[in-house]
Amino acid sequence: MKQFKGRVVVPGTCTAEALVSRGGFNTLASYQMAIMFGDKQVKCGDQNNPDIYKKPMLGKALCLPMTIGSTTGGMVLYTVCSLGKQPACMLFSLPIDSLAASGAILGDVWTEAKMPVVDSLGDDFLNYVQTGMTVTVGEDGLVTVE
Amino acid sequence: MNLTAEQQALLDGAKGEVMAKVVKTLVMYGETFGAERMVPVTGKYGHTVISFGLKVMAPVYDMYDQLISAGLTAGQKFTADPRPLDKNVPSSFLENIVFNKIMYTQQQRYEEQLRKLGIVDDDAYSCTCYVDQMGNKPGKGDVLSWAESSAVVYANSVLGARCNRNSGMLELMGSIAGFVPEFGLLTDEGRKADWVVEVRCEKKPEAQLLGSAIGMKVMEDVPYIKGMEKWLGTELNEENCTYLKDFGAATASNGAVGLYHIANLTPEAKELGESLIKENAQVYIIDDAELARVKANYPVIWKNPDAKPQLCFVGCPHMTLKQMEDWADAIEAKLRENGLDKVTVPTVFTASPAVIKELNKTACAGRLASYGVVVSYICPLMYMNNPLCKKKAVITSSNKLRTYTSARYYTDSEILDIITSKEGKI
C-alpha cells in the first residue's frame, strides 16, 4: 500500500479499480466509439493507447499523465458525465491540462455526475499504480493505492 | 480569484441561474490554473470548435438549449469549425446512411442553435477563420475566447493575439460572459519559450513534417525556433503565412502546442528576440535525418498497407486560394507528363466557403473540376470520424488528419505523384 498527495481539481471521494494509461489519454479517440454505439462498459477505442485499448473504462479509477488530442476533449468528457458513463475518478500524475480541466469542470457544474479529479500526483504515482489495483481518493487529494 | 463587483454579482445569480453557472465554470477553470482575475475578451469575433450535430453529443445541445432559453447569447459574433457533411464528397451508400441516419442527426438542430447564439452567418464555417476572406482575423494583443487547436496556435503565433487552448463549450462561455480567466498564454510569462529548436536541414522542411516533429517533442510547451530564416526570410507574406498555417496545425495536433515563436519572423520574436527564451530552456536539433526518422515512425494502420488509395484529402487545415491555384498548376503539369486527363485517386481539396466563393470566380475552379478534383467546405476529420472509414485507404498531406484518423500521411510532392500516376499508387 502506498499513498500519494495531489491537488484537488474537483472534490469528492471514491474507491475503485485502477485503469492505467502510461501515455497521454486521447479523450476523443478513447470515448468516441463507445458513446456512439452505446457500449455499456465504455471500452476504450484508442488504438494508439495499448495500455487501455478495448478495456472497460466505466467506473474505473482512470490514472494518467495528461490528456491529449482534439480541443473537443472537454465536451466529450462533459458528454460522458451527462450520460453517466464517466470513470469513478481521474487521477493525473502531471498538472492537469486545460482540456481535461474543462471537461471535469463542465461535468461538475452542469451535470449530476460525481467524478473526483486530482492532479499533480507525481511520476512515482504513475510508476507505482497498476491496472487492477484498488485506489481510494480522499477529500483532501490523498490517494491510496493498494 | 479576485472578481470585480459586476463579475461577482453574475456569479451570485444577478442575471439568473444559468449565467451564474457560466461564470462559475469560468472561475473554476481559472482557479485551476492559478488565474487571479478575469480579463475582457477584446477580439472582435469568437471561434468555436464545435460545428457538428453528432447524435451522441446530445447533452451538449441540451445544455445550449438551456443557454438560449435563459436569453444568453454570445456578446460577440463568432465563426465555427467546418461542417461535417457535403454531398459532393465521394461516399458510399452505407456511409451516407451512417452519416445521415446515425451520426449527424443533430446537425440541423445545432446549426439553428448557433444562429440563435450568434454565429456570423451560414458561411462562417471553417477552421481557417483567420484568412482574409473569412474575416475573423484578430490583431496583435487581442484577447480571444477561441477553441480549435490549429486556429488558436495561428492566432497566438502568427497574429500575436492571446488565447489559451480552450476546450469546446468553454470558448462559447467566454464569449457569452465577455471575459476569460487570465493565465497561461494570456500572460507575458506564459508566452516565454521552454524550448529552443534549431533547424539544421539542407532543404526547406515540409511544414507538416517539421510541425509534427516539434509537436511530438515539446508537447504543450512553447518552442522558439531558429534556422528558418534562409527559407522564410523575415516577412510574414502570404506564402509564409500559409506555411505557418500548416506547420502550426501539425504542432498543435501531434503535440499540444498553443504558441510558437520563429526567430526574426513571428511578431513577438521580432519584437523581443531571444529574451523570450526561458533560462535553462531545453534544446532540440532537427536535421533532415530527424525528419526522416519522424516520418518513418508514423504507424500505418490500414488493414492492407499495400492497398491502392481510395480517397485523397488535401486541406486540413483548410487550403488558401493560392494553395489551390498552385496545386492546379502542379496537377496539370504532372497529368500532361504522364499522358493523363484526370487524377487517378478520387481527390478532395477542402477550403472555407468564402475561399471557395473566390475560387469559383476564377478559371482555377473549372481546371480543378476538369482534373477530377472535388473542392469542398467540409472537415475531412469529421468525414473520417466513423468506423467505415477505418477500412478505407485514405491518403493525405495533413499531419492533423493522420493523427486523428486512419489516413496515411505523404508529403505534398508524394501526394502529387500518387494522384497523377497511371497506377494511382506510389
# chains A, B, ... in the order shown; residues from 1 in each chain; ligands from 1

$ closest_atom_pairs --of "chain B" --to "chain A" --cutoff "7 Å" --atoms "only C-alpha atoms" --output "Markdown table"
| residue | atom | partner | partner_atom | distance |
| --- | --- | --- | --- | --- |
| B:Lys21 | CA | A:Val109 | CA | 6.7 |
| B:Thr25 | CA | A:Ile105 | CA | 6.4 |
| B:Met28 | CA | A:Ile105 | CA | 6.9 |
| B:Tyr29 | CA | A:Ser102 | CA | 6.5 |
| B:Thr32 | CA | A:Val9 | CA | 6.5 |
| B:Val49 | CA | A:Thr72 | CA | 7.0 |
| B:Val56 | CA | A:Met36 | CA | 5.4 |
| B:Met57 | CA | A:Thr79 | CA | 6.2 |
| B:Pro59 | CA | A:Thr79 | CA | 5.8 |
| B:Val60 | CA | A:Thr79 | CA | 6.6 |
| B:Ala147 | CA | A:Thr71 | CA | 6.5 |
| B:Glu148 | CA | A:Thr71 | CA | 5.9 |
| B:Ser149 | CA | A:Thr71 | CA | 6.2 |
| B:Arg165 | CA | A:Ser98 | CA | 6.8 |
| B:Asn166 | CA | A:Leu99 | CA | 6.5 |
| B:Ser167 | CA | A:Thr71 | CA | 4.8 |
| B:Gly168 | CA | A:Thr72 | CA | 5.1 |
| B:Met169 | CA | A:Met75 | CA | 6.4 |
| B:Leu170 | CA | A:Ser102 | CA | 6.8 |
| B:Ser253 | CA | A:Gly69 | CA | 6.3 |

$ residues_around --residues "range 125-132 of chain A" --least-positions-apart "3" --cutoff "9 Å" --atoms "only C-alpha atoms" --output "MDAnalysis selection string"
chainID A and resid 2:4 17:22 51:52 63:65 92:93 121:122 135 145:146

$ select_by_dssp --residues "chain A" --states "helix (DSSP H, G or I)" --output "ChimeraX atom specification"
/A:27-36,73-82,98-110,123-128

$ write_last_selection --atoms "C-alpha atoms" --output "compact mmCIF listing (two decimals), in the first residue's frame"
# COMPACT_ATOMS: atom_id res chain seq x y z
CA THR A 27 -10.21 11.75 -24.78
CA LEU A 28 -11.97 11.86 -28.14
CA ALA A 29 -10.34 8.72 -29.52
CA SER A 30 -10.94 6.83 -26.27
CA TYR A 31 -14.65 7.61 -25.89
CA GLN A 32 -15.87 8.22 -29.41
CA MET A 33 -16.93 4.74 -30.47
CA ALA A 34 -18.14 3.69 -27.02
CA ILE A 35 -20.60 6.54 -26.70
CA MET A 36 -21.55 6.49 -30.38
CA GLY A 73 -11.87 16.80 -25.38
CA GLY A 74 -13.70 18.86 -22.78
CA MET A 75 -17.08 18.48 -24.42
CA VAL A 76 -16.50 14.74 -24.76
CA LEU A 77 -15.84 14.44 -21.02
CA TYR A 78 -18.90 16.59 -20.32
CA THR A 79 -20.99 14.30 -22.51
CA VAL A 80 -19.65 11.20 -20.79
CA CYS A 81 -20.60 12.72 -17.41
CA SER A 82 -24.06 13.70 -18.69
CA SER A 98 -6.70 22.77 -19.98
CA LEU A 99 -8.89 20.37 -21.98
CA ALA A 100 -9.24 17.81 -19.21
CA ALA A 101 -9.85 20.57 -16.69
CA SER A 102 -12.60 21.99 -18.89
CA GLY A 103 -14.34 18.64 -19.16
CA ALA A 104 -14.04 17.89 -15.46
CA ILE A 105 -15.37 21.32 -14.51
CA LEU A 106 -18.23 21.20 -17.03
CA GLY A 107 -19.17 17.80 -15.64
CA ASP A 108 -19.07 19.12 -12.08
CA VAL A 109 -21.01 22.35 -12.66
CA TRP A 110 -23.54 21.23 -15.27
CA ASP A 123 5.71 10.35 -11.58
CA ASP A 124 6.02 7.95 -8.63
CA PHE A 125 2.26 7.57 -8.59
CA LEU A 126 2.10 6.53 -12.22
CA ASN A 127 5.11 4.26 -11.82
CA TYR A 128 3.54 2.52 -8.83

$ residues_around --residues "Tyr284 in chain B" --least-positions-apart "6" --cutoff "9 Å" --atoms "only C-alpha atoms" --output "number ranges by chain"
B: 195-199, 214, 217-218

$ write_last_selection --atoms "N, CA and C atoms" --output "PDB file, in the first residue's frame"
ATOM      1  N   TRP B 195      11.603  25.763 -24.938  1.00  0.00           N
ATOM      2  CA  TRP B 195      12.476  25.005 -25.824  1.00  0.00           C
ATOM      3  C   TRP B 195      13.112  25.923 -26.873  1.00  0.00           C
ATOM      4  N   VAL B 196      14.354  25.645 -27.210  1.00  0.00           N
ATOM      5  CA  VAL B 196      14.968  26.220 -28.411  1.00  0.00           C
ATOM      6  C   VAL B 196      15.060  25.094 -29.428  1.00  0.00           C
ATOM      7  N   VAL B 197      14.482  25.319 -30.592  1.00  0.00           N
ATOM      8  CA  VAL B 197      14.550  24.322 -31.661  1.00  0.00           C
ATOM      9  C   VAL B 197      15.483  24.867 -32.734  1.00  0.00           C
ATOM     10  N   GLU B 198      16.538  24.138 -33.002  1.00  0.00           N
ATOM     11  CA  GLU B 198      17.488  24.563 -34.036  1.00  0.00           C
ATOM     12  C   GLU B 198      17.266  23.705 -35.272  1.00  0.00           C
ATOM     13  N   VAL B 199      16.848  24.351 -36.353  1.00  0.00           N
ATOM     14  CA  VAL B 199      16.577  23.633 -37.595  1.00  0.00           C
ATOM     15  C   VAL B 199      17.838  23.684 -38.455  1.00  0.00           C
ATOM     16  N   ILE B 214       8.267  18.805 -34.045  1.00  0.00           N
ATOM     17  CA  ILE B 214       8.351  19.741 -32.913  1.00  0.00           C
ATOM     18  C   ILE B 214       7.224  19.470 -31.917  1.00  0.00           C
ATOM     19  N   LYS B 217       7.861  16.501 -29.762  1.00  0.00           N
ATOM     20  CA  LYS B 217       8.962  16.688 -28.803  1.00  0.00           C
ATOM     21  C   LYS B 217       8.551  17.612 -27.645  1.00  0.00           C
ATOM     22  N   VAL B 218       7.951  18.752 -27.963  1.00  0.00           N
ATOM     23  CA  VAL B 218       7.736  19.751 -26.895  1.00  0.00           C
ATOM     24  C   VAL B 218       6.366  19.617 -26.244  1.00  0.00           C
TER      25      VAL B 218
END

$ residues_around --residues "Val257 in chain B" --least-positions-apart "2" --cutoff "7 Å" --atoms "only C-alpha atoms" --output "list in words"
Val153, Gly215, Met219, Glu220, Asp221, Val222, Thr251, Ala252, Gly255 and Leu259 of chain B

$ write_last_selection --atoms "C-alpha atoms" --output "CSV table (one decimal), in the first residue's frame"
chain,number,residue,atom,x,y,z
B,153,VAL,CA,-1.9,28.4,-32.4
B,215,GLY,CA,4.9,19.0,-31.5
B,219,MET,CA,4.1,18.6,-26.3
B,220,GLU,CA,2.3,21.6,-24.7
B,221,ASP,CA,5.4,23.8,-24.2
B,222,VAL,CA,6.3,26.9,-26.2
B,251,THR,CA,2.5,21.2,-33.8
B,252,ALA,CA,-0.9,21.5,-32.2
B,255,GLY,CA,1.6,17.7,-29.7
B,259,LEU,CA,2.2,29.1,-29.3

$ select_by_dssp --residues "range 14-67 of chain A" --states "strand (DSSP E or B)" --output "number ranges by chain"
A: 14-20, 25-26, 43, 56, 61-64, 67

$ residues_around --residues "Ala177 in chain B" --least-positions-apart "3" --cutoff "8 Å" --atoms "only C-alpha atoms" --output "PyMOL selection string"
chain B and resi 22-23+74-75+173-174+180

$ closest_residue --among "B:Tyr243, B:Tyr377, B:Phe313, B:Phe183" --to "Ile395 in chain B" --atoms "only C-alpha atoms"
B:Phe313

$ residues_around --residues "range 102-116 of chain B" --least-positions-apart "4" --cutoff "7 Å" --atoms "only C-alpha atoms" --output "ChimeraX atom specification"
/B:52-55,61,98

$ write_last_selection --atoms "N, CA and C atoms" --output "PDB file, in the first residue's frame"
ATOM      1  N   PHE B  52     -20.521  20.442 -35.386  1.00  0.00           N
ATOM      2  CA  PHE B  52     -21.167  19.207 -35.818  1.00  0.00           C
ATOM      3  C   PHE B  52     -22.308  18.836 -34.880  1.00  0.00           C
ATOM      4  N   GLY B  53     -23.368  18.321 -35.488  1.00  0.00           N
ATOM      5  CA  GLY B  53     -24.521  17.887 -34.704  1.00  0.00           C
ATOM      6  C   GLY B  53     -24.522  16.386 -34.549  1.00  0.00           C
ATOM      7  N   LEU B  54     -23.593  15.894 -33.747  1.00  0.00           N
ATOM      8  CA  LEU B  54     -23.458  14.451 -33.532  1.00  0.00           C
ATOM      9  C   LEU B  54     -24.539  13.953 -32.571  1.00  0.00           C
ATOM     10  N   LYS B  55     -25.194  12.872 -32.956  1.00  0.00           N
ATOM     11  CA  LYS B  55     -26.266  12.313 -32.120  1.00  0.00           C
ATOM     12  C   LYS B  55     -25.786  12.049 -30.689  1.00  0.00           C
ATOM     13  N   TYR B  61     -26.025  19.782 -26.838  1.00  0.00           N
ATOM     14  CA  TYR B  61     -27.064  20.620 -27.438  1.00  0.00           C
ATOM     15  C   TYR B  61     -28.177  20.891 -26.421  1.00  0.00           C
ATOM     16  N   VAL B  98     -24.860   5.939 -42.541  1.00  0.00           N
ATOM     17  CA  VAL B  98     -24.212   6.172 -41.238  1.00  0.00           C
ATOM     18  C   VAL B  98     -24.160   7.670 -40.932  1.00  0.00           C
TER      19      VAL B  98
END

$ decode --residues "range 326-362 of chain B" --atoms "N, CA and C atoms" --output "PDB file, in the first residue's frame"
ATOM      1  N   ASP B 326      -1.813  26.832 -56.860  1.00  0.00           N
ATOM      2  CA  ASP B 326      -0.516  26.156 -57.042  1.00  0.00           C
ATOM      3  C   ASP B 326      -0.707  24.660 -57.311  1.00  0.00           C
ATOM      4  N   TRP B 327      -1.635  24.066 -56.580  1.00  0.00           N
ATOM      5  CA  TRP B 327      -1.906  22.633 -56.791  1.00  0.00           C
ATOM      6  C   TRP B 327      -2.460  22.397 -58.196  1.00  0.00           C
ATOM      7  N   ALA B 328      -3.329  23.286 -58.657  1.00  0.00           N
ATOM      8  CA  ALA B 328      -3.899  23.122 -60.006  1.00  0.00           C
ATOM      9  C   ALA B 328      -2.784  23.129 -61.052  1.00  0.00           C
ATOM     10  N   ASP B 329      -1.835  24.049 -60.895  1.00  0.00           N
ATOM     11  CA  ASP B 329      -0.701  24.103 -61.834  1.00  0.00           C
ATOM     12  C   ASP B 329       0.120  22.814 -61.778  1.00  0.00           C
ATOM     13  N   ALA B 330       0.393  22.373 -60.565  1.00  0.00           N
ATOM     14  CA  ALA B 330       1.234  21.180 -60.397  1.00  0.00           C
ATOM     15  C   ALA B 330       0.531  19.938 -60.945  1.00  0.00           C
ATOM     16  N   ILE B 331      -0.757  19.824 -60.694  1.00  0.00           N
ATOM     17  CA  ILE B 331      -1.502  18.656 -61.194  1.00  0.00           C
ATOM     18  C   ILE B 331      -1.532  18.667 -62.718  1.00  0.00           C
ATOM     19  N   GLU B 332      -1.782  19.838 -63.284  1.00  0.00           N
ATOM     20  CA  GLU B 332      -1.837  19.940 -64.751  1.00  0.00           C
ATOM     21  C   GLU B 332      -0.511  19.472 -65.377  1.00  0.00           C
ATOM     22  N   ALA B 333       0.585  19.964 -64.834  1.00  0.00           N
ATOM     23  CA  ALA B 333       1.900  19.606 -65.382  1.00  0.00           C
ATOM     24  C   ALA B 333       2.160  18.106 -65.273  1.00  0.00           C
ATOM     25  N   LYS B 334       1.827  17.538 -64.125  1.00  0.00           N
ATOM     26  CA  LYS B 334       2.081  16.106 -63.908  1.00  0.00           C
ATOM     27  C   LYS B 334       1.171  15.229 -64.761  1.00  0.00           C
ATOM     28  N   LEU B 335      -0.088  15.631 -64.875  1.00  0.00           N
ATOM     29  CA  LEU B 335      -1.002  14.847 -65.702  1.00  0.00           C
ATOM     30  C   LEU B 335      -0.505  14.828 -67.153  1.00  0.00           C
ATOM     31  N   ARG B 336      -0.084  16.000 -67.624  1.00  0.00           N
ATOM     32  CA  ARG B 336       0.412  16.094 -69.010  1.00  0.00           C
ATOM     33  C   ARG B 336       1.642  15.195 -69.184  1.00  0.00           C
ATOM     34  N   GLU B 337       2.543  15.271 -68.209  1.00  0.00           N
ATOM     35  CA  GLU B 337       3.774  14.472 -68.251  1.00  0.00           C
ATOM     36  C   GLU B 337       3.457  12.973 -68.320  1.00  0.00           C
ATOM     37  N   ASN B 338       2.373  12.586 -67.624  1.00  0.00           N
ATOM     38  CA  ASN B 338       2.026  11.160 -67.559  1.00  0.00           C
ATOM     39  C   ASN B 338       0.966  10.751 -68.583  1.00  0.00           C
ATOM     40  N   GLY B 339       0.577  11.695 -69.459  1.00  0.00           N
ATOM     41  CA  GLY B 339      -0.391  11.371 -70.504  1.00  0.00           C
ATOM     42  C   GLY B 339      -1.779  11.089 -69.965  1.00  0.00           C
ATOM     43  N   LEU B 340      -2.156  11.793 -68.901  1.00  0.00           N
ATOM     44  CA  LEU B 340      -3.481  11.586 -68.287  1.00  0.00           C
ATOM     45  C   LEU B 340      -4.306  12.871 -68.350  1.00  0.00           C
ATOM     46  N   ASP B 341      -5.617  12.714 -68.213  1.00  0.00           N
ATOM     47  CA  ASP B 341      -6.515  13.867 -68.182  1.00  0.00           C
ATOM     48  C   ASP B 341      -7.011  14.174 -66.772  1.00  0.00           C
ATOM     49  N   LYS B 342      -7.131  13.097 -65.976  1.00  0.00           N
ATOM     50  CA  LYS B 342      -7.720  13.264 -64.638  1.00  0.00           C
ATOM     51  C   LYS B 342      -6.879  12.553 -63.583  1.00  0.00           C
ATOM     52  N   VAL B 343      -7.046  12.975 -62.345  1.00  0.00           N
ATOM     53  CA  VAL B 343      -6.347  12.294 -61.250  1.00  0.00           C
ATOM     54  C   VAL B 343      -6.852  10.854 -61.156  1.00  0.00           C
ATOM     55  N   THR B 344      -5.995   9.988 -60.710  1.00  0.00           N
ATOM     56  CA  THR B 344      -6.337   8.557 -60.676  1.00  0.00           C
ATOM     57  C   THR B 344      -6.761   8.082 -59.286  1.00  0.00           C
ATOM     58  N   VAL B 345      -6.738   8.993 -58.325  1.00  0.00           N
ATOM     59  CA  VAL B 345      -7.285   8.717 -56.989  1.00  0.00           C
ATOM     60  C   VAL B 345      -8.338   9.805 -56.728  1.00  0.00           C
ATOM     61  N   PRO B 346      -9.562   9.419 -56.337  1.00  0.00           N
ATOM     62  CA  PRO B 346     -10.557  10.447 -56.013  1.00  0.00           C
ATOM     63  C   PRO B 346      -9.964  11.434 -54.998  1.00  0.00           C
ATOM     64  N   THR B 347      -9.958  12.707 -55.376  1.00  0.00           N
ATOM     65  CA  THR B 347      -9.231  13.688 -54.577  1.00  0.00           C
ATOM     66  C   THR B 347     -10.146  14.837 -54.168  1.00  0.00           C
ATOM     67  N   VAL B 348     -10.068  15.200 -52.889  1.00  0.00           N
ATOM     68  CA  VAL B 348     -10.896  16.295 -52.368  1.00  0.00           C
ATOM     69  C   VAL B 348      -9.981  17.359 -51.778  1.00  0.00           C
ATOM     70  N   PHE B 349     -10.141  18.589 -52.254  1.00  0.00           N
ATOM     71  CA  PHE B 349      -9.482  19.735 -51.639  1.00  0.00           C
ATOM     72  C   PHE B 349     -10.509  20.409 -50.741  1.00  0.00           C
ATOM     73  N   THR B 350     -10.109  20.754 -49.526  1.00  0.00           N
ATOM     74  CA  THR B 350     -11.057  21.432 -48.646  1.00  0.00           C
ATOM     75  C   THR B 350     -10.592  22.853 -48.350  1.00  0.00           C
ATOM     76  N   ALA B 351     -11.562  23.755 -48.344  1.00  0.00           N
ATOM     77  CA  ALA B 351     -11.292  25.174 -48.097  1.00  0.00           C
ATOM     78  C   ALA B 351     -12.543  25.807 -47.502  1.00  0.00           C
ATOM     79  N   SER B 352     -12.388  27.005 -46.970  1.00  0.00           N
ATOM     80  CA  SER B 352     -13.539  27.672 -46.343  1.00  0.00           C
ATOM     81  C   SER B 352     -14.548  28.077 -47.418  1.00  0.00           C
ATOM     82  N   PRO B 353     -15.813  28.194 -47.042  1.00  0.00           N
ATOM     83  CA  PRO B 353     -16.826  28.633 -48.015  1.00  0.00           C
ATOM     84  C   PRO B 353     -16.440  29.954 -48.688  1.00  0.00           C
ATOM     85  N   ALA B 354     -15.858  30.874 -47.942  1.00  0.00           N
ATOM     86  CA  ALA B 354     -15.507  32.179 -48.515  1.00  0.00           C
ATOM     87  C   ALA B 354     -14.392  32.045 -49.550  1.00  0.00           C
ATOM     88  N   VAL B 355     -13.432  31.168 -49.283  1.00  0.00           N
ATOM     89  CA  VAL B 355     -12.340  30.951 -50.247  1.00  0.00           C
ATOM     90  C   VAL B 355     -12.878  30.229 -51.484  1.00  0.00           C
ATOM     91  N   ILE B 356     -13.798  29.292 -51.276  1.00  0.00           N
ATOM     92  CA  ILE B 356     -14.384  28.589 -52.427  1.00  0.00           C
ATOM     93  C   ILE B 356     -15.157  29.576 -53.306  1.00  0.00           C
ATOM     94  N   LYS B 357     -15.823  30.518 -52.690  1.00  0.00           N
ATOM     95  CA  LYS B 357     -16.534  31.549 -53.471  1.00  0.00           C
ATOM     96  C   LYS B 357     -15.545  32.320 -54.350  1.00  0.00           C
ATOM     97  N   GLU B 358     -14.412  32.680 -53.757  1.00  0.00           N
ATOM     98  CA  GLU B 358     -13.377  33.391 -54.524  1.00  0.00           C
ATOM     99  C   GLU B 358     -12.840  32.504 -55.642  1.00  0.00           C
ATOM    100  N   LEU B 359     -12.615  31.244 -55.301  1.00  0.00           N
ATOM    101  CA  LEU B 359     -12.095  30.289 -56.298  1.00  0.00           C
ATOM    102  C   LEU B 359     -13.053  30.192 -57.483  1.00  0.00           C
ATOM    103  N   ASN B 360     -14.349  30.160 -57.165  1.00  0.00           N
ATOM    104  CA  ASN B 360     -15.344  29.984 -58.223  1.00  0.00           C
ATOM    105  C   ASN B 360     -15.425  31.182 -59.170  1.00  0.00           C
ATOM    106  N   LYS B 361     -14.791  32.280 -58.798  1.00  0.00           N
ATOM    107  CA  LYS B 361     -14.749  33.438 -59.690  1.00  0.00           C
ATOM    108  C   LYS B 361     -13.577  33.339 -60.660  1.00  0.00           C
ATOM    109  N   THR B 362     -12.731  32.327 -60.463  1.00  0.00           N
ATOM    110  CA  THR B 362     -11.522  32.204 -61.284  1.00  0.00           C
ATOM    111  C   THR B 362     -11.600  30.956 -62.180  1.00  0.00           C
TER     112      THR B 362
END
